[in-house]
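Peer 1: Sharing run.txt below, compact mmCIF, C-alpha atoms and all ligand atoms:
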# COMPACT_ATOMS: atom_id res chain seq x y z
CA MET A 1 7.75 2.81 -22.74
CA GLN A 2 10.97 4.79 -22.79
CA GLN A 3 14.31 3.10 -22.23
CA VAL A 4 14.78 1.96 -18.64
CA SER A 5 17.27 -0.57 -17.36
CA ALA A 6 17.16 -3.37 -14.81
CA ASN A 7 19.61 -1.77 -12.37
CA GLN A 8 17.48 1.33 -11.81
CA PRO A 9 15.66 1.39 -8.45
CA ILE A 10 12.04 0.68 -7.63
CA GLY A 11 10.35 3.75 -6.14
CA ILE A 12 7.70 3.04 -3.52
CA PHE A 13 5.55 5.53 -1.65
CA ASP A 14 2.86 5.80 0.98
CA SER A 15 1.74 8.32 3.59
CA GLY A 16 3.92 6.64 6.23
CA ILE A 17 4.99 3.17 7.31
CA GLY A 18 2.10 1.34 5.57
CA GLY A 19 3.94 0.96 2.28
CA LEU A 20 6.79 -0.70 4.18
CA THR A 21 4.61 -3.82 4.39
CA VAL A 22 4.72 -3.92 0.58
CA ALA A 23 8.40 -2.92 0.40
CA HIS A 24 9.24 -5.70 2.86
CA ALA A 25 7.34 -8.32 0.87
CA LEU A 26 9.05 -7.10 -2.29
CA VAL A 27 12.53 -7.19 -0.79
CA ASN A 28 11.93 -10.76 0.42
CA LEU A 29 10.88 -11.80 -3.05
CA LEU A 30 13.46 -9.79 -4.99
CA PRO A 31 16.43 -9.16 -2.67
CA LYS A 32 18.64 -7.77 -5.42
CA GLU A 33 16.35 -4.90 -6.31
CA ASN A 34 17.40 -1.42 -5.21
CA ILE A 35 14.56 0.35 -3.41
CA ILE A 36 13.80 3.99 -2.77
CA TYR A 37 10.99 4.46 -0.27
CA PHE A 38 9.16 7.74 0.27
CA GLY A 39 7.00 8.12 3.40
CA ASP A 40 4.94 11.29 3.19
CA THR A 41 4.76 11.63 6.97
CA ALA A 42 4.11 15.38 6.74
CA HIS A 43 0.69 14.68 5.20
CA LEU A 44 -0.38 11.58 7.06
CA PRO A 45 -3.07 10.27 7.21
CA TYR A 46 -4.03 10.35 3.54
CA GLY A 47 -7.34 8.63 4.19
CA ASP A 48 -9.06 11.74 5.53
CA LYS A 49 -7.69 14.16 2.92
CA SER A 50 -9.45 15.35 -0.22
CA ALA A 51 -8.75 13.59 -3.51
CA ALA A 52 -7.21 16.83 -4.86
CA ALA A 53 -4.72 17.05 -1.97
CA ILE A 54 -3.68 13.39 -2.32
CA GLN A 55 -3.25 13.82 -6.07
CA ALA A 56 -0.94 16.80 -5.50
CA TYR A 57 1.20 14.82 -3.02
CA ALA A 58 1.31 11.77 -5.27
CA VAL A 59 2.44 13.69 -8.34
CA LYS A 60 5.08 15.58 -6.36
CA ILE A 61 6.51 12.35 -4.90
CA THR A 62 6.44 10.73 -8.32
CA GLN A 63 8.48 13.66 -9.65
CA ILE A 64 11.07 13.11 -6.90
CA LEU A 65 11.24 9.35 -7.53
CA LEU A 66 11.59 9.94 -11.25
CA GLN A 67 14.51 12.31 -10.62
CA GLN A 68 16.08 9.36 -8.79
CA GLN A 69 15.79 7.32 -12.00
CA CYS A 70 13.22 4.83 -10.72
CA LYS A 71 12.21 2.21 -13.27
CA VAL A 72 8.96 1.49 -11.42
CA ILE A 73 6.81 3.78 -9.32
CA LEU A 74 4.73 1.67 -6.96
CA ILE A 75 1.91 3.52 -5.23
CA ALA A 76 1.99 1.42 -2.05
CA CYS A 77 -1.10 3.04 -0.64
CA ASN A 78 -4.70 2.11 -1.38
CA THR A 79 -5.92 5.65 -0.83
CA ALA A 80 -3.49 7.19 -3.32
CA SER A 81 -4.01 4.25 -5.70
CA ALA A 82 -7.75 4.92 -5.59
CA VAL A 83 -7.62 8.62 -6.32
CA ALA A 84 -4.26 9.37 -7.96
CA TYR A 85 -3.19 6.38 -10.05
CA ASP A 86 -4.61 7.68 -13.36
CA LEU A 87 -3.06 11.08 -12.83
CA VAL A 88 0.34 9.65 -11.90
CA ARG A 89 0.28 7.43 -14.98
CA GLU A 90 -0.56 10.40 -17.16
CA TYR A 91 2.20 12.43 -15.53
CA LEU A 92 4.78 9.68 -16.08
CA ASN A 93 3.83 9.39 -19.72
CA GLY A 94 5.78 6.15 -20.14
CA GLU A 95 8.97 7.35 -18.41
CA ALA A 96 8.63 4.56 -15.82
CA ILE A 97 6.26 1.70 -15.09
CA VAL A 98 3.55 2.78 -12.67
CA MET A 99 1.74 0.28 -10.48
CA ASN A 100 -0.97 0.52 -7.86
CA VAL A 101 -1.95 -1.82 -5.01
CA ILE A 102 -5.59 -2.23 -6.07
CA ASP A 103 -5.48 -3.97 -9.47
CA PRO A 104 -3.41 -6.96 -8.22
CA VAL A 105 -5.91 -7.50 -5.39
CA VAL A 106 -8.95 -7.24 -7.67
CA TYR A 107 -7.32 -9.89 -9.85
CA TRP A 108 -6.66 -12.06 -6.78
CA VAL A 109 -10.28 -11.72 -5.66
CA LYS A 110 -11.44 -12.69 -9.16
CA GLU A 111 -9.31 -15.85 -9.03
CA ASN A 112 -10.06 -16.84 -5.44
CA CYS A 113 -13.38 -15.50 -4.21
CA LEU A 114 -16.15 -16.45 -6.64
CA HIS A 115 -19.50 -16.93 -4.83
CA LYS A 116 -17.95 -15.80 -1.55
CA ASN A 117 -18.91 -13.09 0.92
CA VAL A 118 -15.95 -10.77 0.91
CA GLY A 119 -15.40 -7.98 3.42
CA LEU A 120 -13.04 -5.07 2.87
CA ILE A 121 -11.68 -2.50 5.29
CA GLY A 122 -9.79 0.63 4.31
CA THR A 123 -9.58 4.37 4.79
CA LYS A 124 -12.55 6.70 4.31
CA GLN A 125 -11.20 7.86 0.97
CA THR A 126 -10.60 4.31 -0.33
CA VAL A 127 -14.04 3.11 0.73
CA SER A 128 -15.92 6.18 -0.48
CA SER A 129 -14.13 6.02 -3.85
CA ASN A 130 -15.92 2.66 -4.27
CA ILE A 131 -13.07 1.59 -6.50
CA TYR A 132 -12.96 -2.11 -5.55
CA HIS A 133 -16.68 -2.41 -6.02
CA ARG A 134 -16.57 -0.68 -9.40
CA LYS A 135 -13.71 -2.82 -10.67
CA LEU A 136 -15.38 -6.05 -9.55
CA THR A 137 -18.72 -4.96 -11.04
CA GLU A 138 -17.03 -4.22 -14.38
CA LEU A 139 -15.83 -7.86 -14.38
CA HIS A 140 -19.41 -9.11 -13.73
CA LEU A 141 -18.23 -11.40 -10.94
CA PRO A 142 -20.58 -13.24 -8.59
CA ILE A 143 -18.96 -11.85 -5.46
CA SER A 144 -20.67 -10.02 -2.63
CA LEU A 145 -18.39 -7.24 -1.38
CA ARG A 146 -19.05 -5.31 1.84
CA SER A 147 -16.69 -2.38 2.35
CA TYR A 148 -16.30 -0.59 5.61
CA ALA A 149 -14.17 2.44 6.50
CA THR A 150 -11.93 2.07 9.57
CA PRO A 151 -10.38 5.56 9.60
CA LEU A 152 -8.48 5.56 12.91
CA LEU A 153 -6.56 2.34 12.29
CA ALA A 154 -3.80 3.71 10.05
CA SER A 155 -3.07 6.63 12.40
CA ALA A 156 -3.01 4.35 15.45
CA ILE A 157 -0.62 1.94 13.71
CA GLU A 158 1.57 4.80 12.57
CA GLU A 159 1.61 6.10 16.13
CA GLY A 160 3.04 2.77 17.34
CA PHE A 161 -0.18 1.55 19.01
CA ALA A 162 -0.32 -1.79 17.17
CA ASP A 163 0.38 -3.77 20.33
CA LYS A 164 -1.53 -1.52 22.73
CA LYS A 165 -4.96 -1.95 24.31
CA VAL A 166 -6.32 0.97 22.33
CA MET A 167 -5.81 -1.12 19.18
CA ASP A 168 -7.92 -3.96 20.63
CA ALA A 169 -10.67 -1.45 21.41
CA LEU A 170 -10.57 0.05 17.91
CA LEU A 171 -10.65 -3.36 16.24
CA GLU A 172 -13.50 -4.52 18.48
CA GLU A 173 -15.50 -1.42 17.56
CA TYR A 174 -14.83 -1.54 13.83
CA LEU A 175 -14.91 -5.27 13.20
CA SER A 176 -18.18 -5.74 15.10
CA HIS A 177 -19.89 -3.85 12.30
CA GLN A 178 -23.00 -5.68 11.15
CA GLY A 179 -21.90 -5.87 7.50
CA LEU A 180 -18.75 -7.81 8.40
CA GLN A 181 -20.45 -10.58 10.38
CA ASP A 182 -20.90 -13.33 7.79
CA ILE A 183 -17.83 -12.72 5.65
CA GLU A 184 -15.53 -15.55 4.59
CA VAL A 185 -12.64 -13.41 3.38
CA LEU A 186 -11.45 -9.99 4.60
CA ILE A 187 -9.34 -7.80 2.32
CA LEU A 188 -7.00 -5.46 4.19
CA ALA A 189 -7.32 -2.58 1.74
CA CYS A 190 -4.88 -0.31 3.51
CA THR A 191 -1.19 -1.08 3.48
CA HIS A 192 -0.88 -0.22 7.18
CA TYR A 193 -3.24 -3.00 8.27
CA PRO A 194 -1.00 -6.09 7.83
CA VAL A 195 0.79 -4.84 10.97
CA VAL A 196 -2.31 -5.90 12.97
CA LYS A 197 -3.32 -8.84 10.78
CA ASP A 198 -2.95 -11.39 13.61
CA LYS A 199 -5.22 -9.38 15.88
CA ILE A 200 -7.82 -9.11 13.13
CA ALA A 201 -7.68 -12.86 12.46
CA ALA A 202 -8.00 -13.50 16.21
CA PHE A 203 -11.06 -11.22 16.42
CA PHE A 204 -12.75 -13.46 13.84
CA GLU A 205 -11.49 -16.55 15.73
CA GLN A 206 -9.46 -17.61 12.68
CA LYS A 207 -12.72 -18.31 10.80
CA VAL A 208 -12.18 -15.56 8.24
CA ASN A 209 -9.40 -15.66 5.66
CA VAL A 210 -7.69 -12.33 6.34
CA ILE A 211 -5.75 -11.21 3.28
CA ASP A 212 -2.47 -9.37 3.69
CA THR A 213 -2.31 -7.85 0.23
CA SER A 214 1.40 -6.96 0.38
CA HIS A 215 2.42 -10.42 -0.89
CA ILE A 216 -0.09 -10.29 -3.73
CA VAL A 217 1.24 -6.89 -4.80
CA ALA A 218 4.89 -7.99 -4.51
CA LYS A 219 4.28 -10.99 -6.77
CA THR A 220 2.57 -8.78 -9.33
CA VAL A 221 5.51 -6.36 -9.34
CA ALA A 222 7.92 -9.28 -9.85
CA ALA A 223 5.83 -10.60 -12.75
CA ARG A 224 5.67 -7.17 -14.39
CA LEU A 225 9.45 -6.71 -14.10
CA ALA A 226 10.04 -10.16 -15.58
CA GLU A 227 7.66 -9.39 -18.44
CA HIS A 228 9.67 -6.25 -19.30
CA ASN A 229 13.01 -7.98 -18.76
CA LEU A 230 13.75 -5.55 -15.93
CA LEU A 231 14.57 -7.88 -13.04
CA ASN A 232 17.81 -6.76 -11.42
CA LYS A 233 20.09 -9.78 -11.37
CA GLU A 234 23.30 -8.03 -10.31
CA GLY A 235 22.04 -5.55 -7.70
CA GLU A 236 23.03 -5.25 -4.05
CA GLY A 237 19.58 -4.54 -2.74
CA ALA A 238 20.42 -0.98 -1.70
CA LYS A 239 17.68 0.84 0.20
CA ARG A 240 17.04 4.54 0.72
CA PHE A 241 14.30 5.99 2.86
CA TYR A 242 12.98 9.50 2.42
CA ILE A 243 10.43 11.09 4.70
CA SER A 244 8.74 14.45 4.30
CA ASP A 245 8.79 15.02 8.07
CA TYR A 246 10.83 13.24 10.72
CA THR A 247 8.72 11.16 13.10
CA GLU A 248 10.08 8.78 15.70
CA SER A 249 7.23 6.37 14.97
CA PHE A 250 8.29 6.11 11.32
CA ALA A 251 11.87 5.45 12.40
CA GLN A 252 10.69 2.67 14.71
CA GLY A 253 8.38 1.24 12.06
CA ALA A 254 11.19 1.20 9.51
CA ARG A 255 13.46 -0.62 11.96
CA ARG A 256 10.72 -3.14 12.62
CA PHE A 257 10.59 -4.07 8.93
CA PHE A 258 14.23 -3.63 7.97
CA GLN A 259 16.50 -4.59 10.83
CA GLY A 260 19.73 -2.73 11.40
CA ALA A 261 20.59 0.92 11.16
CA ILE A 262 18.20 2.70 8.89
CA GLU A 263 19.12 6.09 7.65
CA LEU A 264 16.15 8.36 7.13
CA GLU A 265 16.64 11.29 4.78
CA HIS A 266 14.45 14.31 5.35
CA TYR A 267 12.96 15.44 2.05
CA PRO A 268 10.23 18.07 2.45
CA LEU A 269 7.79 17.99 -0.45
CA TRP A 270 7.65 21.75 -0.55
CA GLU A 271 10.37 23.93 0.95
N1 LIG B 301 -1.49 3.09 3.91
C1 LIG B 301 -2.42 3.89 3.19
C2 LIG B 301 -3.48 3.12 2.48
O1 LIG B 301 -3.18 2.04 2.03
C3 LIG B 301 -2.78 5.24 3.75
C4 LIG B 301 -3.36 5.31 5.11
C5 LIG B 301 -3.54 6.75 5.50
O2 LIG B 301 -2.56 7.51 5.42
O3 LIG B 301 -4.66 7.14 5.83
O4 LIG B 301 -4.57 3.54 2.29
Write out the structure in this file as structure tokens.
Peer 2:
Amino acid sequence: MQQVSANQPIGIFDSGIGGLTVAHALVNLLPKENIIYFGDTAHLPYGDKSAAAIQAYAVKITQILLQQQCKVILIACNTASAVAYDLVREYLNGEAIVMNVIDPVVYWVKENCLHKNVGLIGTKQTVSSNIYHRKLTELHLPISLRSYATPLLASAIEEGFADKKVMDALLEEYLSHQGLQDIEVLILACTHYPVVKDKIAAFFEQKVNVIDTSHIVAKTVAARLAEHNLLNKEGEGAKRFYISDYTESFAQGARRFFQGAIELEHYPLWE
């Protein structure tokens, strides 16, 4: 890898507020790290887009984060991790560390879920990419994985409906799916979903271990930084938020995670 230093920021991106769940977990774990967050609100939701479109957005955002001297590019979106991680890594060509939100979770499942019935919910693109299944199969693990697409959830969360009745109706509809009935663990394979984790756990009457993957990812980022001697020990924990289109719901979501005045900078991907 080319020369990077500990005081450079960590670049994080997602289609909208979802990646803030990961950014928040990371800031709690590593408060001195400087963070640059990019919410691609102009192209939300990613989950229904083609792989080619998501790859184009991901590379463009990576270019912007690289111009901002990020030492790490964290793809804080399962959908983009599923379809664009390899391309982003190729594009970066060692100029920064690139991380996705899928590999840390696969590793966690390997360590914690042997012989268990594991359910997974995510966007259409994440589920149809079959990436979790493929990665677990490559490891020859005795784990039964049932994946189910829950496409409207991310948009409803982004829209600020997390605490509304419509969310209860969506969860009831999606989580009643036959394949999810005898699961012991549920992986929230979309970074938006931790926002409604309590409702999901309540739907399953607390009998299913619902996994908020943001903490797993944050710990993996911390370990990778430590491994490369890139933990920022002197930083002030500065945060910048870019969005490709201004939305009030993103502003509210950002305030929910990071209290206080949050300045959103409009940064269109293409002028
Ligand atoms: N939060 C993202 C994910 O983890 C994207 C959701 C969307 O934009 O559809 O998949």
Peer 1: Do you know which residues are within 8 Å of ligand LIG 301 (chain B) using all atoms listed in the file? Can you write them as a list in words?
Peer 2: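 Taking all atoms listed in the file into account, the residues around ligand LIG 301 (chain B) at most 8 Å away are Asp14, Ser15, Gly16, Ile17, Gly18, Gly19, His43, Leu44, Pro45, Tyr46, Gly47, Asp48, Ala76, Cys77, Asn78, Thr79, Ala80, Gly122, Thr123, Thr126, Pro151, Ala154, Ser155, Ala189, Cys190, Thr191, His192 and Tyr193 of chain A.
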Peer 1: Around the point (1.3, 7.9, -5.0) in the file's coordinates, collect all residues with an atom within 10 Å, using only C-alpha atoms, and return them as a PyMOL selection string.
Peer 2: chain A and resi 12-15+38+40+54-62+73-85+87-88+98-100
Peer 1: Can you check which parts of segment 159-215 of chain A lie within 10 Å of segment 242-257 of chain A? Per residue, the shortest pair of atoms and distance in Å to one decimal, counting all atoms listed in the file, sorted by chain and number, as JSON lines.
Peer 2:
{"residue": "A:Glu159", "atom": "CA", "partner": "A:Ser249", "partner_atom": "CA", "distance": 5.7}
{"residue": "A:Gly160", "atom": "CA", "partner": "A:Ser249", "partner_atom": "CA", "distance": 6.0}
{"residue": "A:Phe161", "atom": "CA", "partner": "A:Ser249", "partner_atom": "CA", "distance": 9.7}
{"residue": "A:Val195", "atom": "CA", "partner": "A:Gly253", "partner_atom": "CA", "distance": 9.8}
Peer 1: Write out, as a PDB file, keeping the file's coordinate frame, the residues just selected, with C-alpha atoms.
Peer 2:
ATOM      1  CA  GLU A 159       1.610   6.100  16.130  1.00  0.00           C
ATOM      2  CA  GLY A 160       3.040   2.770  17.340  1.00  0.00           C
ATOM      3  CA  PHE A 161      -0.180   1.550  19.010  1.00  0.00           C
ATOM      4  CA  VAL A 195       0.790  -4.840  10.970  1.00  0.00           C
TER       5      VAL A 195
END
Peer 1: Around all of segment 138-141 of chain A's listed atoms, make the axis-aligned box with 4 Å on each side and tell me centre and edge lengths in Å to one decimal, as AutoDock Vina command-line options.
Peer 2:
--center_x -17.6 --center_y -7.8 --center_z -12.7 --size_x 11.6 --size_y 15.2 --size_z 11.4
Peer 1: Interatomic distance between atom CA of Leu231 of chain A and atom CA of Val27 of chain A?
Peer 2: 12.4 Å
Peer 1: Can you work out the spacing between atom CA of Tyr174 of chain A and atom CA of Thr150 of chain A in Å, to one decimal?
Peer 2: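 Atom CA of Thr150 of chain A lies 6.3 Å from atom CA of Tyr174 of chain A.
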Peer 1: Calculated over only C-alpha atoms, which of the candidates A:His115, A:His24, A:Lys71, A:Lys124 has the smallest distance to Arg224 of chain A?
Peer 2: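 Distance minimum relative to Arg224 of chain A lands on A:Lys71.
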Peer 1: Between atom CA of His228 of chain A and atom CA of Tyr37 of chain A, what is the distance in Å, rounded to a tenth?
Peer 2: 21.9 Å
Peer 1: Quick one: residues within 7 Å of Cys70 of chain A, all atoms listed in the file counted, chain neighbours fewer than 3 positions away excluded, as a list in words?
Peer 2: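 Here the qualifying residues turn out to be Gln8, Pro9, Ile10, Gly11, Leu65, Leu66, Ile73 and Ala96 of chain A.
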Peer 1: Can you work out which one of A:Trp270, A:Phe203, A:Trp108, A:Tyr148 has the shortest atom-to-atom distance to Val127 of chain A, counting only C-alpha atoms?
Peer 2: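 Checking each of A:Trp270, A:Phe203, A:Trp108, A:Tyr148 against Val127 of chain A, counting only C-alpha atoms, the winner is A:Tyr148.
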Peer 1: Just checking: using all atoms listed in the file, which residue out of A:Ile35, A:Leu114, A:Leu29, A:Val101 ends up closest to Val217 of chain A?
Peer 2: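 Checking each candidate against Val217 of chain A, we get A:Val101 as the closest.
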Peer 1: Compare A:Asn117, A:Glu158, A:Lys110, A:Asp168 by their minimum atom-to-atom distance to Leu141 of chain A, counting only C-alpha atoms, and give me the closest one.
Peer 2: A:Lys110
Peer 1: Show me the residues close to (16.8, 8.5, 3.1) - anything with an atom within 6 Å, counting all atoms listed in the file - and format the list as a ChimeraX atom specification.
Peer 2: /A:240-242,263-265
Peer 1: Nearest to Glu173 of chain A: which of A:Ser147, A:Val221, A:Ile200, A:Lys233 is it, counting all atoms listed in the file?
Peer 2: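 Of all the options, A:Ile200 lies closest to Glu173 of chain A.
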Peer 1: For each of A:Leu136, A:Lys199, A:Tyr107, A:Asn28, take the minimum atom-to-atom distance to Leu175 of chain A, counting all atoms listed in the file, then give the residue where this is smallest.
Peer 2: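 Smallest distance to Leu175 of chain A is found for A:Lys199.
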